[in-house]
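Scroll down for the structure; my scribbles are underneath it.
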Amino acid sequence: MIKEAALNVSGVKNINTVRAHFVGSFIHVEIHIEVDKLLPTLDSHAIGKQVERGVESLKAIEKAFVHIDPV
């Protein structure tokens, strides 16, 4: 569910890591995505924000922390 939401974002090449943790009654997600290393930094950041919004739109997810790996 979380991986699928991230992979649906254009520009995401792969998902390296997904970790979910309860913080009280909330779920926080850490996700590492791979993007093309030749993308400008602003484009990579925009992809990361889209992933963040997509994951946070999932039921029960309070916060997503996205790490971007250029490959």
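In the structure tokens, each chain is lettered A, B, ... as it comes, each chain's residues begin at 1, and ligands are numbered from 1 in order of appearance.
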
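The shell of residues at most 12 Å from Val55 of chain A, with only C-alpha atoms counted and near chain neighbours (fewer than 6 positions) removed, consists of Met1, Ile2, Lys3, Glu4, Ala5, Ala6, Leu7, Asn8, Val9, Val18, Ala20, Ile27, His28, Val29, Glu30, Ile31, Gly48, Lys49, Ile61, Glu62, Lys63, Ala64, Phe65 and Val66 of chain A.
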
Long-range neighbours of Lys37 of chain A as a PyMOL selection string, 12 Å cut-off, only C-alpha atoms, 4 positions minimum in chain:
chain A and resi 11-13+33+41+43-44+68-71

Can you tell me, as a list in words, which residues in segment 10-69 of chain A count as strand (DSSP E) by DSSP?
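Those in segment 10-69 of chain A that DSSP calls strand (DSSP E) are Asn14, Ile15, Asn16, Thr17, Val18, Arg19, Ala20, His21, Phe22, Val23, Phe26, Ile27, His28, Val29, Glu30, Ile31, His32, Ile33, Glu34, Val35, Ile61, Glu62, Lys63, Ala64, Phe65, Val66, His67, Ile68 and Asp69 of chain A.
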
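The alpha helix (DSSP H) portion of chain A consists of Ile2, Lys3, Glu4, Ala5, Ala6, Leu7, Thr41, Leu42, Asp43, Ser44, His45, Ala46, Ile47, Gly48, Lys49, Gln50, Val51, Glu52, Arg53, Gly54, Val55 and Glu56 of chain A, with states taken from DSSP on the backbone.
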
With only C-alpha atoms as the atoms that count, which of A:Pro40, A:Phe26, A:Asn16, A:Glu34 lies nearest to Glu56 of chain A?
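The shortest atom-to-atom distance to Glu56 of chain A comes from A:Phe26.
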
Give the answer as one residue: which of A:Ala46, A:Leu58, A:His67, A:Leu39 has the shortest atom-to-atom distance to Ile15 of chain A, using only C-alpha atoms?
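Comparing A:Ala46, A:Leu58, A:His67, A:Leu39 against Ile15 of chain A, the winner is A:His67.
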
Record the distance separating atom CA of Val35 of chain A and atom CA of Glu52 of chain A, expressed in Å with one decimal.
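Interatomic distance here is 14.4 Å.
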
Between atom CA of His45 of chain A and atom CA of Lys59 of chain A, what is the distance in Å, rounded to a tenth?
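The value is 23.9 Å.
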